[in-house]
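**Student:** Got a structure here, written out as structure tokens. Questions coming.
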Number of protein chains: 2
Amino acid sequence: LTGEFEVVAALAETLPRPTDPRQVWIGDDAAVLPTPSGGRLLLATDAVVAGVHADLSLTGLDDLGWKALAAAVSDIAAMGGDPGHAVVAVAAPAGTDMAALYEGIAASAAAHRCPVVGGDLVSSTALVVAVTVTGFCEDEPVLRRGARPGDGVWVTRPLGAAAAGLRSYLAAGADEAAGPGDADNRRAHARPRAELDAGRAARQAGATAMIDISDGLAADLGHLVDASGVGIRLESVPVAAGATVDDALGGGEDFALAFCAGDAARVAAAFAGLRAPLLVGTCTDAGGELTLAGVSLNRAGWEHRW
Amino acid sequence: LTGEFEVVAALAETLPRPTDPRQVWIGDDAAVLPTPSGGRLLLATDAVVAGVHADLSLTGLDDLGWKALAAAVSDIAAMGGDPGHAVVAVAAPAGTDMAALYEGIAASAAAHRCPVVGGDLVSSTALVVAVTVTGFCEDEPVLRRGARPGDGVWVTRPLGAAAAGLRSYLAAGADEAAGPGDADNRRAHARPRAELDAGRAARQAGATAMIDISDGLAADLGHLVDASGVGIRLESVPVAAGATVDDALGGGEDFALAFCAGDAARVAAAFAGLRAPLLVGTCTDAGGELTLAGVSLNRAGWEHRW
């Protein structure tokens, strides 16, 4: 077992499952849990590693901290939830500029309205930032598994910006940004924003399934079709300025949302005042199939491998 | 800034504080948070690093996984709470025996009745396991800050076993255990148990302040006296078989609980059926003072340093 998804699937087999069907444990963006007071809690954790998720010769420790929190909040957005609070575990080597790291964490917490309420700080040879966030949802959260044949498929904005931004950094170094869309794309890579408003709007629009695009559109829609038992026929892929179709399909960490819904008018209404989501395709009854303009997509996106 | 507590204190200064005085953010074993449904959520995170918290030439990856979850659950025990659920972020180098790691995590989750409901798995050069647990409390959780002059101080069992167990591993290697208490002490080091029953009993006994002993009795009572604005005069230090007084005062990761309470009879009654806690001293009005048999204690315990 050398790929993240294979390892996680094998591990999930060994862990207990919920007996209450309203609970969601492993296998969605966030867990959905009951609370003794009768409420419903969302819980998600994400780890970011220096040198893997961010090249510290290109972007700052503050950006790494920002991204770690944004990635976890994005999992709450992908359920249509509101963030509650965050706890942050940091494993850091000697010499780490902790103030810079926490400046980014705190700025991201403020931007996402998800205050940091606790943490742990330990010594390590690698810099690892693991952020856990809670979330709440006034009615049913949107899972990955509810899409139905005939539903439309939307994405919340053009894709590939984060991958294009990383490429811009790699090509020109930290100080220069030249090409079209470069400045926006670098920001998308260094300081991604979780789409909380869009996630909430999708839920209010009656979204049947939703996922955040953290591994690339093809990989993440692959997770969604597997969970829902539908197929997806894509007719278009909206590409961010300066990005390529490959960036959009296979680039990770865009943190846009993809969702399925049955009623396009309701989607339009729920997103009034927000950036209009982009209709990209349709759910089919060909379970597990994922095509673009009739051609099967390579579903391999970003995956941690060992 | 080179010590964990100094760094955390500096970081905490830069983060927002709760406006609601019933909330607890940074500075206790777990955060105490409101939920929209009117309940109260406990939240704690702990990171464990291979080579720092556990020497993998002495104990197994399963033990590392066990300890990571137990350490986080111990923070819930230290509030007098009941564990809810856990999420686990793992950053792992190539070749890590993930099945062994998760076997320990799953066994600890079962033993502590705190199922793993989600996680993240990423590649890294160091093995870091960050566990976040939720918890609940039927009435007010016990904080570090409520101790009053005149309260008694109890610990839930003799101390130093984990430090003695580590020494036994270091002296004799993984396969042999010889001295008095060695087998128990090795287990205390490799597979610590969070004291959930004792934490709950202490809360029911009207405990005014509580902390788990993860950095050593002197360091952790130091945190408690600082938070409560009292002093503590210790009259005795209960030492586990095979351990030394230094192990008990300065050894980390015992995960016993220390608590303060005003009514010894109520303590005895609340612990009926459990191991009786040990009265070790008294709270005084000499704020910040921590003495044993009249002599000031060195409060430096285990602290991550860079």
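Chains: A, B, ... in order of the structure tokens. Residues: from 1 per chain. Ligands: from 1, in order shown.
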Report as a ChimeraX atom specification the set of chain B residues whose atoms approach chain A to within 8 Å, with distances computed over only C-alpha atoms.
**Tutor:** /B:4,7-8,11,14-16,24-27,30-31,35-39,43-49,52,87-91,93-95,98-99,102,106,115-126,128,130,132,136,304-306
**Student:** Can you tell me, as a VMD selection string, what residues are no more than 12 Å from A:Pro180 when counting only C-alpha atoms, ignoring any on the same chain fewer than 6 positions away?
**Tutor:** chain A and resid 161 164 to 165 168 186 240 to 243
**Student:** Atoms to include: N, CA, C and O atoms. Write the selected residues as a compact mmCIF listing (two decimals), in the first residue's frame.
**Tutor:**
# COMPACT_ATOMS: atom_id res chain seq x y z
N ALA A 161 -6.20 27.69 -10.31
CA ALA A 161 -5.43 28.88 -9.92
C ALA A 161 -4.28 28.53 -8.97
O ALA A 161 -3.17 29.04 -9.12
N ALA A 164 -1.47 26.92 -10.91
CA ALA A 164 -0.80 27.92 -11.74
C ALA A 164 0.03 28.86 -10.88
O ALA A 164 1.13 29.28 -11.28
N GLY A 165 -0.48 29.19 -9.69
CA GLY A 165 0.26 30.07 -8.79
C GLY A 165 1.55 29.42 -8.32
O GLY A 165 2.61 30.06 -8.28
N SER A 168 4.00 29.61 -11.09
CA SER A 168 4.55 30.95 -11.22
C SER A 168 5.67 31.19 -10.21
O SER A 168 6.73 31.72 -10.54
N ARG A 186 -0.96 33.30 -7.49
CA ARG A 186 -0.04 33.14 -6.35
C ARG A 186 -0.80 33.26 -5.03
O ARG A 186 -0.54 32.51 -4.10
N ALA A 240 -9.15 28.94 -14.56
CA ALA A 240 -8.75 30.27 -14.08
C ALA A 240 -7.77 30.91 -15.06
O ALA A 240 -7.01 30.21 -15.73
N ALA A 241 -7.78 32.23 -15.13
CA ALA A 241 -6.85 32.95 -16.01
C ALA A 241 -5.41 32.58 -15.66
O ALA A 241 -5.02 32.62 -14.49
N GLY A 242 -4.64 32.20 -16.67
CA GLY A 242 -3.25 31.83 -16.44
C GLY A 242 -3.05 30.37 -16.09
O GLY A 242 -1.92 29.90 -15.98
N ALA A 243 -4.16 29.63 -15.92
CA ALA A 243 -4.06 28.19 -15.60
C ALA A 243 -4.36 27.37 -16.85
O ALA A 243 -4.86 27.89 -17.85
**Student:** Please measure the separation of atom CA of B:Ser214 and atom CA of B:Leu249, giving the value in Å to one decimal.
**Tutor:**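 It comes out at 11.0 Å.
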**Student:** Could you pull out all residues of stretch 22-140 of chain B with a DSSP call of strand (DSSP E) and give them as a VMD selection string?
**Tutor:** chain B and resid 31 to 34 40 to 49 82 to 92 116 to 123 128 to 136
**Student:** If you keep C-alpha atoms, can you produce a file of those selected residues as a PDB file, in the first residue's frame?
**Tutor:**
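out_14.pdb was written with the following content:
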ATOM      1  CA  ALA B  31     -11.141  24.363  25.570  1.00  0.00           C
ATOM      2  CA  VAL B  32     -14.710  24.820  26.835  1.00  0.00           C
ATOM      3  CA  LEU B  33     -16.976  25.980  24.024  1.00  0.00           C
ATOM      4  CA  PRO B  34     -20.668  26.680  23.547  1.00  0.00           C
ATOM      5  CA  ARG B  40     -21.028  22.710  26.082  1.00  0.00           C
ATOM      6  CA  LEU B  41     -18.215  21.146  24.066  1.00  0.00           C
ATOM      7  CA  LEU B  42     -14.730  20.254  25.286  1.00  0.00           C
ATOM      8  CA  LEU B  43     -11.954  20.212  22.682  1.00  0.00           C
ATOM      9  CA  ALA B  44      -8.297  19.215  23.072  1.00  0.00           C
ATOM     10  CA  THR B  45      -5.444  18.359  20.723  1.00  0.00           C
ATOM     11  CA  ASP B  46      -2.128  16.605  21.357  1.00  0.00           C
ATOM     12  CA  ALA B  47       0.749  15.802  19.045  1.00  0.00           C
ATOM     13  CA  VAL B  48       3.173  12.931  19.554  1.00  0.00           C
ATOM     14  CA  VAL B  49       6.442  12.716  17.607  1.00  0.00           C
ATOM     15  CA  ASP B  82     -16.599  12.278  29.009  1.00  0.00           C
ATOM     16  CA  PRO B  83     -14.826  11.741  25.695  1.00  0.00           C
ATOM     17  CA  GLY B  84     -16.865  12.104  22.511  1.00  0.00           C
ATOM     18  CA  HIS B  85     -14.953  11.352  19.333  1.00  0.00           C
ATOM     19  CA  ALA B  86     -11.425  11.606  17.937  1.00  0.00           C
ATOM     20  CA  VAL B  87      -9.900  12.724  14.652  1.00  0.00           C
ATOM     21  CA  VAL B  88      -6.321  11.749  13.849  1.00  0.00           C
ATOM     22  CA  ALA B  89      -3.875  13.578  11.568  1.00  0.00           C
ATOM     23  CA  VAL B  90      -0.812  11.514  10.691  1.00  0.00           C
ATOM     24  CA  ALA B  91       2.293  12.847   8.932  1.00  0.00           C
ATOM     25  CA  ALA B  92       4.415   9.824   8.096  1.00  0.00           C
ATOM     26  CA  VAL B 116     -11.928   7.659  15.610  1.00  0.00           C
ATOM     27  CA  VAL B 117     -14.320   9.381  13.206  1.00  0.00           C
ATOM     28  CA  GLY B 118     -11.969  11.027  10.753  1.00  0.00           C
ATOM     29  CA  GLY B 119      -8.443  11.997   9.954  1.00  0.00           C
ATOM     30  CA  ASP B 120      -5.841  13.063   7.496  1.00  0.00           C
ATOM     31  CA  LEU B 121      -2.784  11.230   6.227  1.00  0.00           C
ATOM     32  CA  VAL B 122       0.122  13.070   4.631  1.00  0.00           C
ATOM     33  CA  SER B 123       3.739  12.350   3.734  1.00  0.00           C
ATOM     34  CA  VAL B 128       3.894  13.039  13.805  1.00  0.00           C
ATOM     35  CA  VAL B 129       0.517  11.891  15.132  1.00  0.00           C
ATOM     36  CA  ALA B 130      -1.860  14.693  16.135  1.00  0.00           C
ATOM     37  CA  VAL B 131      -5.061  13.603  17.836  1.00  0.00           C
ATOM     38  CA  THR B 132      -7.970  15.908  18.575  1.00  0.00           C
ATOM     39  CA  VAL B 133     -10.775  14.755  20.846  1.00  0.00           C
ATOM     40  CA  THR B 134     -14.141  16.207  21.717  1.00  0.00           C
ATOM     41  CA  GLY B 135     -15.683  15.808  25.129  1.00  0.00           C
ATOM     42  CA  PHE B 136     -18.832  16.602  27.031  1.00  0.00           C
TER      43      PHE B 136
END
**Student:** Please measure the separation of atom CA of B:Asp184 and atom CA of B:Arg157, giving the value in Å to one decimal.
**Tutor:**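 Value for the atom CA of B:Asp184-atom CA of B:Arg157 distance: 13.2 Å.
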**Student:** Kindly give the distance, in Å, that separates atom CA of A:Leu61 and atom CA of A:Ala77, rounded to a single decimal.
**Tutor:**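 Computing the Euclidean distance for atom CA of A:Leu61 and atom CA of A:Ala77 yields 24.2 Å.
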